[in-house]
Amino acid sequence: MAILVLGGAGYIGSHTVCELIAAGRDVVVADNLLTGFREAVHPKARFYQVDIRNKAELDALFEQEKIEGVIHFAASSQVGESMSNPLKYYDNNLCGTTVLLRSMVEHGVDKIVFSSTAATYGEPERIPISEGDATVPTNCYGETKLAMEKLMSWTSRAHGLRYVALRYFNACGAHPDGHIGEAHNPETHLIPLILQVPNGQRAKISIFGEDYPTKDGTCVRDYIHVNDLAQAHILALDYLMQGGENNVFNLGNGVGFTVKEVIDVARKVTGHPIPAEICPRRAGDPAQLVASSEKARAVLGWKPQYADLETIVSTAWNWHKNHPNGY
Ligand code: UDP
């Protein structure tokens with residue numbers, strides 16, 4: 001029996017595939033390669049170029065492979081784009097997942113772990129954020145992810161499917177062996193953009209807002225290493241296989257860093273002065289997002305291995321300096 005990883009050619013998906021294979025699992029990857037990279041897929045995984053909105057392709061895959069559980073990363077994930085093109089987000093994230101669940105139900109595949117996000121909370125009511133806190137997304141990306149969680153819940157009631165939603169905080173870093181890492185086009189995330197400066201691809205980094213109610217006025221985020229996220233997916237799948245009930249878990253280190261602190265860490269890691277410029281706020285950015293991941297630690301036994309930001313940024317730098325243009 002194999003694990004099906006949808007979106008396994010993307011950033012977090014490719015790292016999870018790598019960890020699954022390292023753990024001796026049989027892995028099938030499906031990805032439409034619109035934002036993922038074929039080169040990012042582990043050579044021991046069986047690859048299918050499939051779009052989750054295409055039911056015939058999915059059905060054929062479920063008929064060809066014996067799938068015991070699904071890990072679902074296949075989604076659009078840029079906050080800014082979701083605001084200008086919400087229909088794309090509803091189509092790919094929500095309609096795509098509807099097609100996927102229909103195919104799973106029809107083929108008797110009843111376990112799914114999937115990517116959710118801290119963006120489901122919107123402006124948090126308290127820090128650190130717990131899973132039971134209010135979910136009022138401030139952007140369309142978070143709204144579609146929350147809708148995916150609800151879709152899973154109703155499908156579970158009707159068809160007995162079981163799910164785990166993993167609400168990631170700020171995914172970052174790269175595989176410590178340096179062979180896979182973060183590659184987005186266009187890049188919008190803070191750490192890869194900062195590292196474009198020492199890589200000679202950007203003159204300076206923009207700081208979006210210096211007037212937030214935080215210790216230095218810049219936004220606070222909880223940065224979590226991609227391999228730690230990958231491990232959480234494996235633990236969540238095992239939890240479902242052992243009969244665990246539907247659940248939602250935050251995944252973060254529980255420590256917040258300001259944008260200026262992240263830039264300082266990158267200066268230290270790269271030895272480059274990395275000039276920075278204060279710019280206006282970016283629309284839709286909450287001042288602080290920091291996770292309580294106590295539940296994932298207690299229920300799944302999850303323990304992040306890369307809790308130190310300097311180590312995290314070092315793994316990212318190791319990837320970007322050797323792959324300045326991605327794959
Ligand atoms: N950010 C920034 N400059 C950039 C990119 C991001 O100041 O060029 C800030 C952004 O406003 C946010 C934090 O860095 O406060 C993390 O942003 P990112 O897009 O990496 O992740 P998000 O928190 O939006 O998921």
# chains A, B, ... in the order shown; residues from 1 in each chain; ligands from 1
>>> residues_near_ligand(ligand="ligand 1", cutoff="10 Å", atoms="only C-alpha atoms and all ligand atoms", output="JSON, numbers by chain")
{"A": [77, 78, 79, 80, 117, 118, 119, 168, 169, 170, 171, 172, 187, 188, 189, 190, 191, 192, 193, 194, 204, 205, 206, 207, 208, 209, 210, 212, 218, 219, 220, 221, 222, 223, 257, 258, 259, 260, 262, 263, 276, 277, 278, 279, 280, 281, 282, 283, 284, 285, 286, 287, 288, 289]}
>>> select_by_dssp(residues="segment 107-298 of chain A", states="strand (DSSP E or B)", output="PyMOL selection string")
chain A and resi 111-117+122+129+136+162-168+170-172+205-208+220-221+223-225+247-251+257-258+276-279+288-289+291
>>> closest_atom_pairs(of="segment 184-241 of chain A", to="segment 21-42 of chain A", cutoff="10 Å", atoms="only C-alpha atoms", output="CSV")
residue,atom,partner,partner_atom,distance
A:His184,CA,A:Thr35,CA,7.2
A:Asn185,CA,A:Thr35,CA,7.6
A:Pro186,CA,A:Thr35,CA,10.0
A:Ile234,CA,A:Ala23,CA,9.1
>>> write_last_selection(atoms="N, CA and C atoms", output="short mmCIF file (atom, residue, chain, number, x, y, z; two decimals), in the first residue's frame")
data_model
loop_
_atom_site.label_atom_id
_atom_site.label_comp_id
_atom_site.auth_asym_id
_atom_site.auth_seq_id
_atom_site.Cartn_x
_atom_site.Cartn_y
_atom_site.Cartn_z
N HIS A 184 9.78 29.62 -5.57
CA HIS A 184 8.48 30.14 -6.02
C HIS A 184 8.73 31.17 -7.11
N ASN A 185 7.77 31.25 -8.03
CA ASN A 185 7.89 32.25 -9.08
C ASN A 185 6.51 32.89 -9.31
N PRO A 186 6.31 34.13 -8.90
CA PRO A 186 7.28 35.02 -8.27
C PRO A 186 7.48 34.66 -6.79
N ILE A 234 3.88 13.09 8.59
CA ILE A 234 4.04 11.64 8.76
C ILE A 234 3.39 11.21 10.08
#
>>> residues_around(residues="Glu143 of chain A", least_positions_apart="4", cutoff="12 Å", atoms="only C-alpha atoms", output="list in words")
Ser77, Val79, Ser82, Met83, Pro86, Leu87, Tyr89, Tyr90, Asn93, Leu94, Ser116, Thr117, Ala118, Ala119, Thr120, Tyr121, Gly122, Thr135, Val136, Pro137, Thr138, Asn139, Ala147, Met148, Glu149 and Lys150 of chain A
>>> write_last_selection(atoms="N, CA, C and O atoms", output="tab-separated table (two decimals), in the first residue's frame")
chain	number	residue	atom	x	y	z
A	77	SER	N	-1.31	29.25	-3.06
A	77	SER	CA	-0.97	29.65	-1.69
A	77	SER	C	-0.41	31.07	-1.54
A	77	SER	O	0.27	31.35	-0.56
A	79	VAL	N	-1.11	34.84	-0.74
A	79	VAL	CA	-2.14	35.69	-0.14
A	79	VAL	C	-2.53	36.84	-1.09
A	79	VAL	O	-3.72	37.07	-1.35
A	82	SER	N	-4.54	35.81	-4.04
A	82	SER	CA	-5.89	35.36	-3.66
A	82	SER	C	-6.84	36.54	-3.54
A	82	SER	O	-8.06	36.39	-3.72
A	83	MET	N	-6.29	37.73	-3.23
A	83	MET	CA	-7.13	38.91	-3.09
A	83	MET	C	-7.52	39.47	-4.47
A	83	MET	O	-8.62	39.96	-4.66
A	86	PRO	N	-9.74	35.85	-6.54
A	86	PRO	CA	-10.36	34.89	-5.61
A	86	PRO	C	-10.94	33.67	-6.31
A	86	PRO	O	-10.92	32.57	-5.76
A	87	LEU	N	-11.41	33.85	-7.54
A	87	LEU	CA	-12.05	32.71	-8.23
A	87	LEU	C	-11.02	31.60	-8.47
A	87	LEU	O	-11.35	30.42	-8.37
A	89	TYR	N	-8.65	30.85	-6.50
A	89	TYR	CA	-8.43	30.19	-5.21
A	89	TYR	C	-9.59	29.27	-4.85
A	89	TYR	O	-9.39	28.16	-4.38
A	90	TYR	N	-10.82	29.74	-5.11
A	90	TYR	CA	-11.96	28.87	-4.85
A	90	TYR	C	-11.93	27.66	-5.79
A	90	TYR	O	-12.23	26.54	-5.39
A	93	ASN	N	-8.45	25.47	-4.86
A	93	ASN	CA	-8.37	24.95	-3.49
A	93	ASN	C	-9.66	24.24	-3.08
A	93	ASN	O	-9.60	23.12	-2.57
A	94	LEU	N	-10.78	24.88	-3.28
A	94	LEU	CA	-12.02	24.28	-2.78
A	94	LEU	C	-12.63	23.31	-3.80
A	94	LEU	O	-12.92	22.16	-3.45
A	116	SER	N	-3.39	23.22	6.02
A	116	SER	CA	-4.18	24.40	6.30
A	116	SER	C	-3.18	25.49	6.70
A	116	SER	O	-1.99	25.38	6.40
A	117	THR	N	-3.62	26.53	7.34
A	117	THR	CA	-2.74	27.69	7.51
A	117	THR	C	-3.13	28.54	8.70
A	117	THR	O	-4.31	28.59	9.08
A	118	ALA	N	-2.16	29.26	9.24
A	118	ALA	CA	-2.42	30.26	10.27
A	118	ALA	C	-3.35	31.35	9.74
A	118	ALA	O	-4.00	32.04	10.53
A	119	ALA	N	-3.42	31.50	8.41
A	119	ALA	CA	-4.29	32.52	7.81
A	119	ALA	C	-5.77	32.22	8.07
A	119	ALA	O	-6.63	33.07	7.82
A	120	THR	N	-6.11	31.01	8.55
A	120	THR	CA	-7.51	30.72	8.91
A	120	THR	C	-7.94	31.55	10.12
A	120	THR	O	-9.13	31.78	10.31
A	121	TYR	N	-6.99	32.00	10.94
A	121	TYR	CA	-7.36	32.75	12.16
A	121	TYR	C	-7.66	34.22	11.87
A	121	TYR	O	-8.40	34.84	12.61
A	122	GLY	N	-7.02	34.77	10.83
A	122	GLY	CA	-7.15	36.21	10.62
A	122	GLY	C	-6.39	36.98	11.69
A	122	GLY	O	-5.32	36.55	12.14
A	135	THR	N	-11.78	31.78	14.12
A	135	THR	CA	-11.23	31.75	12.76
A	135	THR	C	-12.02	32.74	11.90
A	135	THR	O	-13.14	32.47	11.51
A	136	VAL	N	-11.39	33.89	11.67
A	136	VAL	CA	-12.02	34.94	10.86
A	136	VAL	C	-10.97	35.42	9.84
A	136	VAL	O	-10.29	36.42	10.06
A	137	PRO	N	-10.81	34.68	8.74
A	137	PRO	CA	-9.72	35.00	7.80
A	137	PRO	C	-9.82	36.43	7.26
A	137	PRO	O	-10.93	36.93	7.04
A	138	THR	N	-8.65	37.06	7.06
A	138	THR	CA	-8.64	38.41	6.50
A	138	THR	C	-8.25	38.38	5.03
A	138	THR	O	-8.13	39.43	4.40
A	139	ASN	N	-8.01	37.19	4.48
A	139	ASN	CA	-7.72	37.12	3.04
A	139	ASN	C	-8.37	35.87	2.46
A	139	ASN	O	-8.77	34.95	3.17
A	147	ALA	N	-12.56	26.85	4.42
A	147	ALA	CA	-13.66	26.14	3.73
A	147	ALA	C	-13.26	24.69	3.45
A	147	ALA	O	-14.09	23.78	3.56
A	148	MET	N	-11.99	24.45	3.14
A	148	MET	CA	-11.53	23.07	2.93
A	148	MET	C	-11.65	22.27	4.23
A	148	MET	O	-12.05	21.10	4.21
A	149	GLU	N	-11.33	22.89	5.35
A	149	GLU	CA	-11.47	22.18	6.64
A	149	GLU	C	-12.93	21.78	6.86
A	149	GLU	O	-13.24	20.67	7.28
A	150	LYS	N	-13.84	22.72	6.57
A	150	LYS	CA	-15.27	22.44	6.78
A	150	LYS	C	-15.78	21.37	5.81
A	150	LYS	O	-16.59	20.52	6.16
>>> residues_around(residues="Ile129 of chain A", least_positions_apart="2", cutoff="6 Å", atoms="only C-alpha atoms", output="compact mmCIF listing (two decimals) with C-alpha atoms, in the first residue's frame")
# COMPACT_ATOMS: atom_id res chain seq x y z
CA ILE A 127 -0.98 35.22 21.30
CA ALA A 291 1.41 29.40 17.39
CA SER A 292 0.71 27.35 20.40
>>> closest_residue(among="A:His72, A:Gly181, A:Leu300, A:Arg53", to="Ser314 of chain A", atoms="only C-alpha atoms")
A:Gly181
